[in-house]
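Single-structure report; data block below.
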Amino acid sequence: MKLQDALFNWLQIRVVSEAREDDNAARETMDFFETILREDHNLSHFAIVQTDDSMYVLDYVHEGVSKKQMFDRISVEALLHDINSNPKYNS
């Protein structure tokens with residue numbers, strides 16, 4: 001999995017996990033992507049540092065180098081919207 005894809009997947013599931021605090025599957029999936037980021041991509045730090053109406057901004061450290069990555073807010077929040085729209089996941 002490419003680094004950008006892993007960051008995006010982690011961010012999407014983190015947004016879901018924060019919005020659905022009792023969703024153990026979301027938390028476990030977030031932990032899975034954190035492992036990928038740390039072990040497969042050698043990130044020592046990654047965090048959401050900014051959000052606004054259009055973007056999420058992540059800071060991360062890859063092999064000792066600080067970097068930033070921006071993601072479109074609508075794309076990031078699409079998974080949460082899909083989950084919340086499905087009655088199967090909202091009982």
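All residue names refer to the structure tokens as shown: chains lettered A, B, ... in order, residues numbered from 1 in each chain, ligands numbered from 1 in order.
Using only C-alpha atoms, the protein and nucleic acid residues lying no more than 12 Å from Gln50 in chain A, apart from those fewer than 2 places from it along its own chain, are Ala47, Ile48, Asp52, Asp53, Ser54, Met55, Tyr56, Val57, Leu58, Asp59, Lys68, Gln69, Met70, Phe71 and Arg73 of chain A.
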Which residues of range 8-47 of chain A have any atom within 10 Å of an atom in range 74-82 of chain A when counting only C-alpha atoms, and what is the closest pair of atoms for each, with the distance in Å to one decimal? Order the rows by chain and rising number and write it as a Markdown table.
| residue | atom | partner | partner_atom | distance |
| --- | --- | --- | --- | --- |
| A:Phe8 | CA | A:Val76 | CA | 7.3 |
| A:Asn9 | CA | A:Val76 | CA | 8.4 |
| A:Trp10 | CA | A:Val76 | CA | 9.7 |
| A:Leu11 | CA | A:Val76 | CA | 6.9 |
| A:Gln12 | CA | A:Val76 | CA | 5.1 |
| A:Ile13 | CA | A:Leu79 | CA | 7.7 |
| A:Arg14 | CA | A:Val76 | CA | 9.7 |
| A:Val15 | CA | A:Glu77 | CA | 7.1 |
| A:Val16 | CA | A:Leu80 | CA | 5.2 |
| A:Ser17 | CA | A:Leu80 | CA | 8.9 |
| A:Ala19 | CA | A:Leu80 | CA | 8.0 |
| A:Arg20 | CA | A:Leu80 | CA | 8.9 |
Residues of chain A in strand (DSSP E) according to DSSP, as a PyMOL selection string?
chain A and resi 43-51+55-62+65-72
Which one is closest to Glu63 in chain A: A:Ala26, A:Leu43, A:Val49, A:Ala6? Count only C-alpha atoms.
A:Leu43
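Of the residues under consideration (A:Asn84, A:Thr29, A:Gln4, A:Asn90), A:Gln4 shows the shortest atom-to-atom contact distance to His41 in chain A when counting only C-alpha atoms.
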note - CA of Lys88 in chain A and CA of Asp72 in chain A are separated by 26.9 Å
Which of chain A DSSP labels helix (DSSP H, G or I), written as a ChimeraX atom specification
/A:3-19,24-40,73-85,87-89
Please provide as an MDAnalysis selection string all residues within 10 Å of Leu37 in chain A, with the sequence filter that same-chain residues fewer than 3 positions apart are discarded (counting only C-alpha atoms).
chainID A and resid 1:4 6:7 10 31:34 40:46 60 62
Please save C-alpha atoms of the selected residues as an mmCIF file, in the first residue's frame.
data_model
loop_
_atom_site.group_PDB
_atom_site.id
_atom_site.type_symbol
_atom_site.label_atom_id
_atom_site.label_comp_id
_atom_site.auth_asym_id
_atom_site.auth_seq_id
_atom_site.Cartn_x
_atom_site.Cartn_y
_atom_site.Cartn_z
ATOM 1 C CA MET A 1 0.000 0.000 0.000
ATOM 2 C CA LYS A 2 1.348 3.417 -0.931
ATOM 3 C CA LEU A 3 2.047 5.875 1.875
ATOM 4 C CA GLN A 4 -0.538 8.395 0.674
ATOM 5 C CA ALA A 6 -2.325 4.484 4.064
ATOM 6 C CA LEU A 7 -2.473 8.056 5.407
ATOM 7 C CA TRP A 10 -6.018 6.069 8.564
ATOM 8 C CA ASP A 31 -5.112 0.592 14.975
ATOM 9 C CA PHE A 32 -4.461 -1.586 11.910
ATOM 10 C CA PHE A 33 -3.654 1.442 9.739
ATOM 11 C CA GLU A 34 -1.492 2.938 12.501
ATOM 12 C CA ASP A 40 5.558 -0.514 6.677
ATOM 13 C CA HIS A 41 6.237 3.187 6.113
ATOM 14 C CA ASN A 42 8.523 3.981 9.052
ATOM 15 C CA LEU A 43 6.471 6.916 10.341
ATOM 16 C CA SER A 44 7.374 7.941 13.864
ATOM 17 C CA HIS A 45 4.611 10.516 14.210
ATOM 18 C CA PHE A 46 1.369 11.367 12.407
ATOM 19 C CA TYR A 60 3.956 13.258 9.897
ATOM 20 C CA HIS A 62 8.936 9.871 7.733
#
